[in-house]
file target_34.csv (CSV, C-alpha atoms and all ligand atoms)
chain,number,residue,atom,x,y,z
P,185,MET,CA,-32.7,-26.8,60.4
P,186,VAL,CA,-34.0,-27.1,64.0
P,187,ASN,CA,-37.2,-25.2,64.1
P,188,ASN,CA,-40.7,-25.5,65.6
P,189,VAL,CA,-41.5,-28.3,63.1
P,190,THR,CA,-38.4,-30.3,63.7
P,191,ARG,CA,-37.7,-29.1,67.2
P,192,PRO,CA,-35.4,-31.8,68.4
P,193,SER,CA,-36.3,-34.7,70.5
P,194,LEU,CA,-32.6,-35.1,69.9
P,195,SER,CA,-30.8,-36.9,72.7
P,196,LEU,CA,-27.8,-34.6,72.4
P,197,ASP,CA,-24.4,-35.5,73.6
P,198,LYS,CA,-23.2,-33.4,76.6
P,199,GLN,CA,-21.0,-31.4,74.3
P,200,TYR,CA,-24.0,-30.0,72.5
P,201,ILE,CA,-26.9,-28.0,73.8
P,202,VAL,CA,-30.1,-26.7,72.1
P,203,LEU,CA,-30.7,-22.9,72.3
P,204,ASN,CA,-34.1,-21.4,71.9
P,205,VAL,CA,-34.2,-18.4,69.7
P,206,ILE,CA,-35.8,-15.4,71.6
P,207,GLY,CA,-35.5,-12.7,69.0
P,208,VAL,CA,-34.2,-11.9,65.5
P,209,ILE,CA,-33.4,-8.5,64.0
P,210,HIS,CA,-32.7,-8.0,60.3
P,211,TYR,CA,-30.5,-5.0,59.9
P,212,THR,CA,-30.0,-5.1,56.1
P,213,ASP,CA,-30.8,-7.6,53.4
P,214,LYS,CA,-27.3,-9.1,54.2
P,215,LEU,CA,-27.0,-8.8,58.0
P,216,PHE,CA,-29.0,-10.0,60.9
P,217,SER,CA,-28.7,-10.9,64.6
P,218,PHE,CA,-30.4,-13.4,66.8
P,219,ARG,CA,-30.7,-13.8,70.5
P,220,THR,CA,-31.2,-17.1,72.4
P,221,ASN,CA,-31.6,-18.2,76.0
P,222,ARG,CA,-28.4,-18.8,77.9
P,223,PRO,CA,-28.2,-22.2,79.7
P,224,LYS,CA,-27.2,-21.6,83.3
P,225,ALA,CA,-24.2,-23.9,83.2
P,226,PHE,CA,-22.8,-22.3,80.0
P,227,ARG,CA,-19.6,-20.3,80.7
P,228,PHE,CA,-17.5,-18.3,78.3
P,229,LYS,CA,-15.0,-15.5,78.3
P,230,THR,CA,-15.9,-12.1,76.7
P,231,GLY,CA,-14.7,-12.2,73.1
P,232,GLU,CA,-14.9,-16.0,72.6
P,233,PHE,CA,-16.8,-17.8,69.9
P,234,VAL,CA,-18.8,-21.1,69.8
P,235,MET,CA,-19.9,-23.4,67.0
P,236,ILE,CA,-23.6,-22.9,66.1
P,237,GLY,CA,-25.3,-25.8,64.3
P,238,LEU,CA,-28.4,-26.4,62.2
P,239,ILE,CA,-29.8,-29.7,60.9
P,240,ILE,CA,-29.8,-29.2,57.2
P,241,ASN,CA,-31.0,-32.1,55.0
P,242,SER,CA,-30.6,-34.5,57.9
P,243,GLU,CA,-27.0,-33.4,58.5
P,244,THR,CA,-25.8,-31.2,61.3
P,245,VAL,CA,-23.8,-28.3,59.9
P,246,PHE,CA,-21.7,-26.0,62.2
P,247,ARG,CA,-20.2,-22.6,61.8
P,248,ALA,CA,-18.1,-20.5,64.1
P,249,TYR,CA,-20.0,-17.5,65.6
P,250,SER,CA,-18.5,-15.0,68.0
P,251,ILE,CA,-20.7,-14.3,71.0
P,252,CYS,CA,-21.8,-10.7,71.0
P,253,SER,CA,-23.0,-10.9,74.6
P,254,ALA,CA,-20.7,-10.1,77.5
P,255,SER,CA,-19.9,-13.0,79.9
P,256,TRP,CA,-22.3,-11.6,82.6
P,257,GLN,CA,-25.4,-11.3,80.3
P,258,ARG,CA,-28.3,-13.7,80.6
P,259,THR,CA,-29.0,-14.2,76.9
P,260,LEU,CA,-26.7,-15.0,74.0
P,261,GLU,CA,-26.6,-12.9,70.9
P,262,PHE,CA,-25.0,-13.7,67.5
P,263,TYR,CA,-24.5,-11.5,64.4
P,264,SER,CA,-24.4,-13.0,61.0
P,265,ILE,CA,-24.0,-12.2,57.4
P,266,LYS,CA,-26.5,-13.7,54.9
P,267,VAL,CA,-24.3,-15.2,52.2
P,268,PRO,CA,-26.3,-15.4,48.9
P,269,ASN,CA,-27.1,-19.1,48.4
P,270,GLY,CA,-24.8,-19.9,51.3
P,271,PRO,CA,-25.2,-23.5,52.5
P,272,PHE,CA,-25.5,-22.4,56.1
P,273,THR,CA,-26.8,-18.8,56.3
P,274,SER,CA,-29.5,-19.4,53.7
P,275,PHE,CA,-31.1,-21.5,56.5
P,276,LEU,CA,-29.9,-19.5,59.5
P,277,GLN,CA,-31.5,-16.3,58.2
P,278,LYS,CA,-34.9,-18.0,58.4
P,279,LEU,CA,-34.7,-18.3,62.2
P,280,THR,CA,-37.7,-17.0,64.1
P,281,PRO,CA,-38.5,-16.7,67.8
P,282,LYS,CA,-40.0,-20.2,67.5
P,283,SER,CA,-36.8,-21.8,66.2
P,284,ALA,CA,-33.9,-23.4,68.0
P,285,VAL,CA,-30.2,-23.9,67.1
P,286,ILE,CA,-27.6,-26.3,68.4
P,287,MET,CA,-24.5,-25.0,70.1
P,288,LYS,CA,-21.3,-26.8,71.0
P,289,VAL,CA,-20.8,-25.8,74.6
P,290,LYS,CA,-17.1,-25.3,74.4
P,291,ALA,CA,-16.4,-21.6,73.9
P,292,THR,CA,-12.9,-20.6,72.7
P,293,GLY,CA,-11.0,-17.9,70.9
P,294,THR,CA,-8.1,-15.6,71.0
P,295,LEU,CA,-9.8,-12.2,71.5
P,296,THR,CA,-9.6,-12.3,75.2
P,297,LEU,CA,-8.4,-9.6,77.5
P,298,SER,CA,-5.9,-12.0,79.2
P,299,SER,CA,-4.0,-12.4,75.9
P,300,LEU,CA,-2.8,-8.8,76.0
P,301,LYS,CA,-0.2,-7.2,78.2
P,302,PRO,CA,-1.5,-4.5,80.5
P,303,GLY,CA,-1.7,-1.2,78.5
P,304,ARG,CA,-3.5,2.2,78.4
P,305,ARG,CA,-5.7,2.1,75.3
P,306,LEU,CA,-7.4,-0.9,73.8
P,307,PHE,CA,-8.2,-0.6,70.1
P,308,LEU,CA,-10.9,-3.0,68.8
P,309,LEU,CA,-10.2,-3.0,65.0
P,310,CYS,CA,-13.0,-4.7,62.9
P,311,THR,CA,-14.7,-4.9,59.6
P,312,GLY,CA,-18.2,-6.3,58.8
P,313,THR,CA,-19.4,-9.0,61.2
P,314,GLY,CA,-16.0,-8.9,62.8
P,315,VAL,CA,-17.6,-6.3,65.2
P,316,ALA,CA,-19.4,-9.2,67.0
P,317,PRO,CA,-16.8,-10.1,69.6
P,318,PHE,CA,-16.1,-6.5,70.2
P,319,VAL,CA,-19.6,-5.8,71.2
P,320,SER,CA,-19.0,-8.4,73.9
P,321,VAL,CA,-15.9,-6.5,75.0
P,322,MET,CA,-17.7,-3.1,74.9
P,323,PHE,CA,-20.2,-4.5,77.5
P,324,GLU,CA,-17.5,-6.0,79.7
P,325,PRO,CA,-16.8,-3.9,82.8
P,326,ALA,CA,-13.3,-5.4,83.1
P,327,ALA,CA,-12.3,-3.7,79.8
P,328,TYR,CA,-12.8,-0.3,81.4
P,329,GLU,CA,-11.1,-1.3,84.6
P,330,ILE,CA,-8.0,-2.4,82.7
P,331,TYR,CA,-7.8,0.4,80.1
P,332,ASP,CA,-8.0,4.1,80.3
P,333,GLU,CA,-9.7,4.1,76.9
P,334,VAL,CA,-11.5,1.4,74.8
P,335,ILE,CA,-11.6,2.6,71.2
P,336,VAL,CA,-13.8,0.6,68.7
P,337,VAL,CA,-12.7,1.2,65.1
P,338,MET,CA,-15.1,-0.3,62.6
P,339,ALA,CA,-14.9,-0.1,58.8
P,340,CYS,CA,-17.5,-1.4,56.4
P,341,ARG,CA,-18.6,-0.9,52.9
P,342,LEU,CA,-22.0,0.9,53.4
P,343,VAL,CA,-23.4,3.2,56.0
P,344,CYS,CA,-26.4,0.8,56.6
P,345,GLU,CA,-23.9,-1.8,57.8
P,346,LEU,CA,-23.2,0.3,60.8
P,347,LYS,CA,-26.8,-0.2,62.2
P,348,PHE,CA,-25.9,-3.1,64.5
P,349,LEU,CA,-23.1,-1.2,66.2
P,350,SER,CA,-25.2,1.9,66.6
P,351,ASN,CA,-27.9,-0.2,68.1
P,352,LYS,CA,-25.5,-1.7,70.6
P,353,CYS,CA,-24.1,1.7,71.5
P,354,ARG,CA,-27.6,2.9,72.3
P,355,GLN,CA,-28.2,-0.2,74.5
P,356,LEU,CA,-24.9,0.5,76.3
P,357,VAL,CA,-25.9,4.1,77.0
P,358,ARG,CA,-29.2,3.0,78.4
P,359,ASN,CA,-27.4,0.6,80.8
P,360,LYS,CA,-27.0,2.9,83.9
P,361,ARG,CA,-24.4,0.7,85.7
P,362,LEU,CA,-22.2,0.3,82.6
P,363,SER,CA,-22.6,3.8,81.4
P,364,MET,CA,-21.0,5.0,84.7
P,365,LEU,CA,-18.0,2.7,83.9
P,366,PHE,CA,-17.5,3.6,80.3
P,367,LYS,CA,-18.2,7.3,80.7
P,368,ASN,CA,-15.2,9.1,79.0
P,369,LYS,CA,-13.6,5.8,78.4
P,370,LEU,CA,-15.4,4.4,75.3
P,371,ARG,CA,-14.9,5.9,71.8
P,372,VAL,CA,-16.4,4.5,68.6
P,373,TYR,CA,-14.8,5.5,65.3
P,374,THR,CA,-16.6,4.3,62.1
P,375,SER,CA,-15.4,4.5,58.6
P,376,VAL,CA,-17.2,3.6,55.3
P,377,THR,CA,-15.4,2.7,52.1
P,378,ARG,CA,-18.2,2.6,49.4
P,379,ASP,CA,-20.7,5.3,50.5
P,380,ASN,CA,-20.7,8.9,51.5
P,381,TYR,CA,-19.6,9.3,55.1
P,382,PRO,CA,-17.6,11.7,57.1
P,383,PHE,CA,-14.8,9.2,57.7
P,384,VAL,CA,-13.6,7.0,54.7
P,385,GLY,CA,-11.0,4.4,54.1
P,386,ARG,CA,-9.9,0.9,55.2
P,387,ILE,CA,-8.5,0.4,58.7
P,388,THR,CA,-5.1,-0.5,57.3
P,389,ALA,CA,-5.0,2.9,55.4
P,390,LEU,CA,-6.3,4.7,58.4
P,391,ILE,CA,-3.5,3.3,60.5
P,392,THR,CA,-0.6,3.7,58.1
P,393,SER,CA,-1.6,7.2,56.9
P,394,GLY,CA,-2.0,8.5,60.5
P,395,ALA,CA,-5.6,9.4,59.7
P,396,LEU,CA,-6.9,7.3,62.6
P,397,VAL,CA,-4.6,9.1,65.1
P,398,ASP,CA,-5.6,12.5,63.7
P,399,ASP,CA,-9.3,11.9,63.5
P,400,LEU,CA,-9.3,10.6,67.1
P,401,ASN,CA,-7.2,13.6,68.2
P,402,LEU,CA,-4.5,11.4,69.6
P,403,SER,CA,-0.9,12.6,69.5
P,404,ALA,CA,0.4,9.2,68.3
P,405,LEU,CA,0.1,5.4,68.8
P,406,THR,CA,2.3,4.4,71.7
P,407,GLN,CA,4.0,1.3,73.1
P,408,PHE,CA,1.1,1.2,75.6
P,409,ASP,CA,-1.5,0.7,73.0
P,410,ARG,CA,-3.2,-2.7,72.6
P,411,PHE,CA,-5.2,-4.1,69.7
P,412,MET,CA,-7.7,-6.8,68.9
P,413,VAL,CA,-8.4,-7.5,65.2
P,414,CYS,CA,-11.4,-9.2,63.7
P,415,GLY,CA,-12.6,-9.2,60.1
P,416,SER,CA,-12.1,-11.0,56.8
P,417,GLN,CA,-9.0,-13.1,56.3
P,418,ALA,CA,-7.5,-10.5,54.0
P,419,MET,CA,-8.3,-7.7,56.5
P,420,ILE,CA,-6.7,-9.6,59.4
P,421,ALA,CA,-3.6,-10.4,57.3
P,422,ASP,CA,-3.1,-6.8,56.2
P,423,THR,CA,-4.0,-5.2,59.6
P,424,THR,CA,-1.7,-7.5,61.6
P,425,LEU,CA,1.1,-6.7,59.1
P,426,ALA,CA,0.5,-3.0,59.6
P,427,LEU,CA,0.7,-3.5,63.4
P,428,LYS,CA,3.9,-5.6,63.1
P,429,ALA,CA,5.4,-2.9,61.0
P,430,LEU,CA,4.8,-0.4,63.8
P,431,GLY,CA,6.6,-2.8,66.2
P,432,TYR,CA,3.7,-4.4,67.9
P,433,LYS,CA,3.9,-8.1,68.8
P,434,GLU,CA,1.2,-10.8,68.6
P,435,GLY,CA,0.0,-12.1,72.0
P,436,SER,CA,-1.6,-15.2,73.4
P,437,VAL,CA,-2.8,-16.4,76.8
P,438,ASN,CA,0.6,-17.9,77.5
P,439,ASN,CA,2.5,-14.9,76.2
P,440,PRO,CA,0.4,-11.7,76.4
P,441,GLN,CA,1.7,-9.1,74.0
P,442,ALA,CA,0.3,-6.1,72.1
P,443,PHE,CA,-2.2,-7.5,69.7
P,444,VAL,CA,-4.4,-10.5,69.0
P,445,TYR,CA,-6.7,-11.5,66.1
P,446,GLU,CA,-9.4,-14.1,65.8
P,447,LYS,CA,-8.0,-17.2,64.2
P,448,ALA,CA,-11.3,-19.0,63.8
P,449,PHE,CA,-12.1,-17.0,60.7
P,450,VAL,CA,-8.6,-17.4,59.1
P,451,SER,CA,-8.1,-20.7,57.2
P,501,LIG,P1,-13.3,-2.0,50.6
P,501,LIG,O1,-14.7,-1.5,50.4
P,501,LIG,O2,-12.2,-1.0,50.2
P,501,LIG,O3,-13.1,-3.4,50.0
P,501,LIG,P2,-15.9,-7.0,53.3
P,501,LIG,O4,-17.4,-6.8,53.3
P,501,LIG,O5,-15.4,-7.3,51.9
P,501,LIG,O6,-15.4,-7.9,54.3
P,501,LIG,O7,-15.4,-5.5,53.6
P,501,LIG,C1,-15.6,-4.9,54.8
P,501,LIG,C2,-14.7,-3.7,54.9
P,501,LIG,O8,-13.4,-4.2,55.0
P,501,LIG,C3,-14.8,-2.8,53.8
P,501,LIG,O9,-14.7,-1.5,54.2
P,501,LIG,C4,-13.6,-3.2,52.9
P,501,LIG,O10,-13.0,-2.1,52.2
P,501,LIG,C5,-12.6,-3.6,54.0
P,501,LIG,N1,-11.5,-4.5,53.6
P,501,LIG,C6,-11.6,-5.4,52.7
P,501,LIG,N2,-10.4,-6.1,52.5
P,501,LIG,C7,-9.6,-5.4,53.4
P,501,LIG,C8,-8.2,-5.6,53.7
P,501,LIG,N3,-7.4,-6.5,53.1
P,501,LIG,N4,-7.6,-4.8,54.6
P,501,LIG,C9,-8.4,-3.9,55.2
P,501,LIG,N5,-9.7,-3.6,55.0
P,501,LIG,C10,-10.3,-4.4,54.1
call {"tool": "encode", "arguments": {"input": "target_34.csv", "output": "C-alpha cells", "more": "lines below"}}
Ligand code: A2P
result
Amino acid sequence: MVNNVTRPSLSLDKQYIVLNVIGVIHYTDKLFSFRTNRPKAFRFKTGEFVMIGLIINSETVFRAYSICSASWQRTLEFYSIKVPNGPFTSFLQKLTPKSAVIMKVKATGTLTLSSLKPGRRLFLLCTGTGVAPFVSVMFEPAAYEIYDEVIVVMACRLVCELKFLSNKCRQLVRNKRLSMLFKNKLRVYTSVTRDNYPFVGRITALITSGALVDDLNLSALTQFDRFMVCGSQAMIADTTLALKALGYKEGSVNNPQAFVYEKAFVS
C-alpha cells in the first residue's frame, strides 16, 4: 500500500494521481470513510466513480469507488466496506492521515443527473455502501434546481450501518447555502432489515407493497418520478426489475429516461 513508509517517489503516468489522505472515520467494524485532497485539475460529475489503487505486495491493485463528494467540493471522500480478509479492503482500512492512495483520474459512471429525463421527484434507492454516490447528489445544488423533491431511500441490515448517512445529513444541515436550497425538498427514508427499527423491509418489497409510498405520505408513484439505483448486484437486478414492472425505462446520457443504476458494481 502507499503510506508514509512507502510514500511514492512513483513517476506516475498522467492517467494516475496520488491523493493524500486527510481523514479517516470508522463507522462500524465493517464500514469506514476516508477523505483526501482534491487535485485542482481533477474534474468529475456528481454521482461518478473513480478507480482507487494501492500498491499491495509490489502490485498496484485498483477498485471502483464512488465519489461521495459533490463536484464543487474541495476534498474527495470515499466510503468503503471492510471485507473480512479482502485482498483490497484489508489494506485500505489501515489508511491513516499519513497515507496516500493512487487514483485513476478518469471519473465515469451512469448515476448522473443528465441520464434522466426531467421529472418532479428524484428517488435515490440504495443499500449498504451504495449510498456513496447519492451523498454526492444530496450535496449537489443542481439536483434541487431540477427536482421538486429529492428522496433518499436507504436500506441496510443493521441500524449502526446508517451512521454514515446520518453524519452526512448533519453536515448538509450545517451548510447554510445548501440548506436554503434543499429546505422542504430533501427527504431521507431509511429502512433496516435485521434489527429493530421503525421502518423495515427491502427496497424492492417497499416499492412493490406500496409501503414506501404510504410511509412517505405520497399518493402514488407517477410518470414524473425518476430513480437512481445503487447497491449489491442482486439488489440492483431486483430493484430495476421492480421499476420496469411499474413501466419505468432505463436511461443513459444519450437517451435519458426514468431510471439509471451503477453498472460498475455489476459484473
Ligand atoms: P436482507 O437483510 O433482507 O438481506 P447487503 O449487506 O447484503 O448488501 O444488504 C444490504 C441491504 O440490502 C439489506 O437490507 C438486505 O436485505 C438488502 N438486500 C439484499 N439483497 C437484496 C435484493 N436482492 N434486493 C433488495 N434488497 C436486497
call {"tool": "residues_around", "arguments": {"input": "target_34.csv", "residues": "segment 208-212 of chain P", "least_positions_apart": "4", "cutoff": "10 Å", "atoms": "all atoms listed in the file", "output": "short mmCIF file (atom, residue, chain, number, x, y, z; two decimals) with C-alpha atoms, keeping the file's coordinate frame"}}
result
data_model
loop_
_atom_site.label_atom_id
_atom_site.label_comp_id
_atom_site.auth_asym_id
_atom_site.auth_seq_id
_atom_site.Cartn_x
_atom_site.Cartn_y
_atom_site.Cartn_z
CA PHE P 216 -29.00 -10.00 60.90
CA SER P 217 -28.70 -10.90 64.60
CA PHE P 218 -30.40 -13.40 66.80
CA ARG P 219 -30.70 -13.80 70.50
CA THR P 220 -31.20 -17.10 72.40
CA GLU P 261 -26.60 -12.90 70.90
CA PHE P 262 -25.00 -13.70 67.50
CA TYR P 263 -24.50 -11.50 64.40
CA SER P 264 -24.40 -13.00 61.00
CA ILE P 265 -24.00 -12.20 57.40
CA LYS P 266 -26.50 -13.70 54.90
CA GLN P 277 -31.50 -16.30 58.20
CA LYS P 278 -34.90 -18.00 58.40
CA LEU P 279 -34.70 -18.30 62.20
CA THR P 280 -37.70 -17.00 64.10
CA PRO P 281 -38.50 -16.70 67.80
CA CYS P 344 -26.40 0.80 56.60
CA GLU P 345 -23.90 -1.80 57.80
CA LEU P 346 -23.20 0.30 60.80
CA LYS P 347 -26.80 -0.20 62.20
CA PHE P 348 -25.90 -3.10 64.50
CA ASN P 351 -27.90 -0.20 68.10
#
call {"tool": "closest_residue", "arguments": {"input": "target_34.csv", "among": "P:Val267, P:Ala291, P:Val444, P:Leu300", "to": "ligand LIG 501 (chain P)", "atoms": "only C-alpha atoms and all ligand atoms"}}
result
P:Val267
call {"tool": "residues_around", "arguments": {"input": "target_34.csv", "residues": "segment 369-385 of chain P", "least_positions_apart": "2", "cutoff": "7 Å", "atoms": "all atoms listed in the file", "output": "VMD selection string"}}
result
chain P and resid 328 332 to 343 366 to 367 387 389 to 390
call {"tool": "atom_distance", "arguments": {"input": "target_34.csv", "atom1": "atom CA of Ser363 of chain P", "atom2": "atom CA of Asp399 of chain P"}}
result
23.7 Å
call {"tool": "atom_distance", "arguments": {"input": "target_34.csv", "atom1": "atom CA of Arg354 of chain P", "atom2": "atom CA of Val234 of chain P"}}
result
25.7 Å
call {"tool": "residues_around", "arguments": {"input": "target_34.csv", "residues": "segment 423-433 of chain P", "least_positions_apart": "2", "cutoff": "12 Å", "atoms": "all atoms listed in the file", "output": "ChimeraX atom specification"}}
result
/P:299-301,307-311,386-394,404-421,435-436,439-447
call {"tool": "decode", "arguments": {"input": "target_34.csv", "residues": "segment 410-421 of chain P", "atoms": "all heavy atoms", "output": "JSON list (two decimals), in the first residue's frame"}}
result
[["chain", "number", "residue", "atom", "x", "y", "z"],
["P", 410, "ARG", "N", -38.37, 9.90, -11.01],
["P", 410, "ARG", "CA", -37.08, 9.44, -11.57],
["P", 410, "ARG", "C", -36.34, 8.69, -10.47],
["P", 410, "ARG", "O", -36.49, 9.02, -9.29],
["P", 410, "ARG", "CB", -36.24, 10.63, -12.05],
["P", 410, "ARG", "CG", -36.95, 11.49, -13.09],
["P", 410, "ARG", "CD", -37.10, 10.73, -14.41],
["P", 410, "ARG", "NE", -37.95, 11.45, -15.36],
["P", 410, "ARG", "CZ", -39.22, 11.13, -15.63],
["P", 410, "ARG", "NH1", -39.81, 10.11, -15.02],
["P", 410, "ARG", "NH2", -39.90, 11.82, -16.52],
["P", 411, "PHE", "N", -35.50, 7.73, -10.88],
["P", 411, "PHE", "CA", -34.84, 6.86, -9.90],
["P", 411, "PHE", "C", -33.37, 6.65, -10.25],
["P", 411, "PHE", "O", -33.04, 6.45, -11.43],
["P", 411, "PHE", "CB", -35.52, 5.48, -9.87],
["P", 411, "PHE", "CG", -36.99, 5.52, -9.63],
["P", 411, "PHE", "CD1", -37.87, 5.71, -10.70],
["P", 411, "PHE", "CD2", -37.52, 5.39, -8.35],
["P", 411, "PHE", "CE1", -39.25, 5.75, -10.49],
["P", 411, "PHE", "CE2", -38.89, 5.44, -8.13],
["P", 411, "PHE", "CZ", -39.76, 5.62, -9.20],
["P", 412, "MET", "N", -32.54, 6.66, -9.23],
["P", 412, "MET", "CA", -31.16, 6.18, -9.37],
["P", 412, "MET", "C", -31.04, 5.01, -8.40],
["P", 412, "MET", "O", -31.57, 5.07, -7.28],
["P", 412, "MET", "CB", -30.16, 7.26, -8.99],
["P", 412, "MET", "CG", -30.08, 8.41, -9.99],
["P", 412, "MET", "SD", -28.74, 9.52, -9.53],
["P", 412, "MET", "CE", -28.86, 10.73, -10.83],
["P", 413, "VAL", "N", -30.34, 3.96, -8.82],
["P", 413, "VAL", "CA", -30.25, 2.74, -8.01],
["P", 413, "VAL", "C", -28.77, 2.37, -7.80],
["P", 413, "VAL", "O", -28.01, 2.32, -8.77],
["P", 413, "VAL", "CB", -30.98, 1.57, -8.71],
["P", 413, "VAL", "CG1", -30.98, 0.32, -7.82],
["P", 413, "VAL", "CG2", -32.40, 1.94, -9.10],
["P", 414, "CYS", "N", -28.39, 2.10, -6.57],
["P", 414, "CYS", "CA", -27.01, 1.66, -6.32],
["P", 414, "CYS", "C", -26.98, 0.72, -5.10],
["P", 414, "CYS", "O", -27.54, 1.05, -4.05],
["P", 414, "CYS", "CB", -26.10, 2.86, -6.08],
["P", 414, "CYS", "SG", -24.35, 2.45, -6.17],
["P", 415, "GLY", "N", -26.37, -0.43, -5.28],
["P", 415, "GLY", "CA", -26.29, -1.40, -4.18],
["P", 415, "GLY", "C", -25.60, -2.65, -4.68],
["P", 415, "GLY", "O", -24.83, -2.60, -5.65],
["P", 416, "SER", "N", -25.90, -3.77, -4.06],
["P", 416, "SER", "CA", -25.28, -5.02, -4.50],
["P", 416, "SER", "C", -25.86, -5.42, -5.86],
["P", 416, "SER", "O", -26.91, -4.91, -6.28],
["P", 416, "SER", "CB", -25.57, -6.13, -3.49],
["P", 416, "SER", "OG", -26.97, -6.42, -3.50],
["P", 417, "GLN", "N", -25.18, -6.36, -6.49],
["P", 417, "GLN", "CA", -25.61, -6.84, -7.81],
["P", 417, "GLN", "C", -27.06, -7.35, -7.76],
["P", 417, "GLN", "O", -27.89, -7.02, -8.60],
["P", 417, "GLN", "CB", -24.68, -7.96, -8.23],
["P", 417, "GLN", "CG", -24.80, -8.32, -9.67],
["P", 417, "GLN", "CD", -23.66, -9.21, -10.10],
["P", 417, "GLN", "OE1", -22.61, -9.25, -9.48],
["P", 417, "GLN", "NE2", -23.86, -9.94, -11.17],
["P", 418, "ALA", "N", -27.38, -8.13, -6.71],
["P", 418, "ALA", "CA", -28.72, -8.70, -6.59],
["P", 418, "ALA", "C", -29.75, -7.60, -6.35],
["P", 418, "ALA", "O", -30.84, -7.61, -6.93],
["P", 418, "ALA", "CB", -28.75, -9.71, -5.45],
["P", 419, "MET", "N", -29.39, -6.64, -5.49],
["P", 419, "MET", "CA", -30.33, -5.54, -5.21],
["P", 419, "MET", "C", -30.61, -4.74, -6.47],
["P", 419, "MET", "O", -31.75, -4.38, -6.76],
["P", 419, "MET", "CB", -29.73, -4.63, -4.11],
["P", 419, "MET", "CG", -30.54, -3.42, -3.77],
["P", 419, "MET", "SD", -30.12, -2.03, -4.86],
["P", 419, "MET", "CE", -31.03, -0.69, -4.10],
["P", 420, "ILE", "N", -29.56, -4.46, -7.25],
["P", 420, "ILE", "CA", -29.75, -3.69, -8.49],
["P", 420, "ILE", "C", -30.65, -4.47, -9.46],
["P", 420, "ILE", "O", -31.60, -3.92, -10.03],
["P", 420, "ILE", "CB", -28.38, -3.35, -9.13],
["P", 420, "ILE", "CG1", -27.67, -2.29, -8.29],
["P", 420, "ILE", "CG2", -28.57, -2.85, -10.57],
["P", 420, "ILE", "CD1", -26.28, -1.95, -8.75],
["P", 421, "ALA", "N", -30.37, -5.77, -9.60],
["P", 421, "ALA", "CA", -31.16, -6.58, -10.53],
["P", 421, "ALA", "C", -32.63, -6.57, -10.12],
["P", 421, "ALA", "O", -33.53, -6.33, -10.94],
["P", 421, "ALA", "CB", -30.62, -8.01, -10.56]]
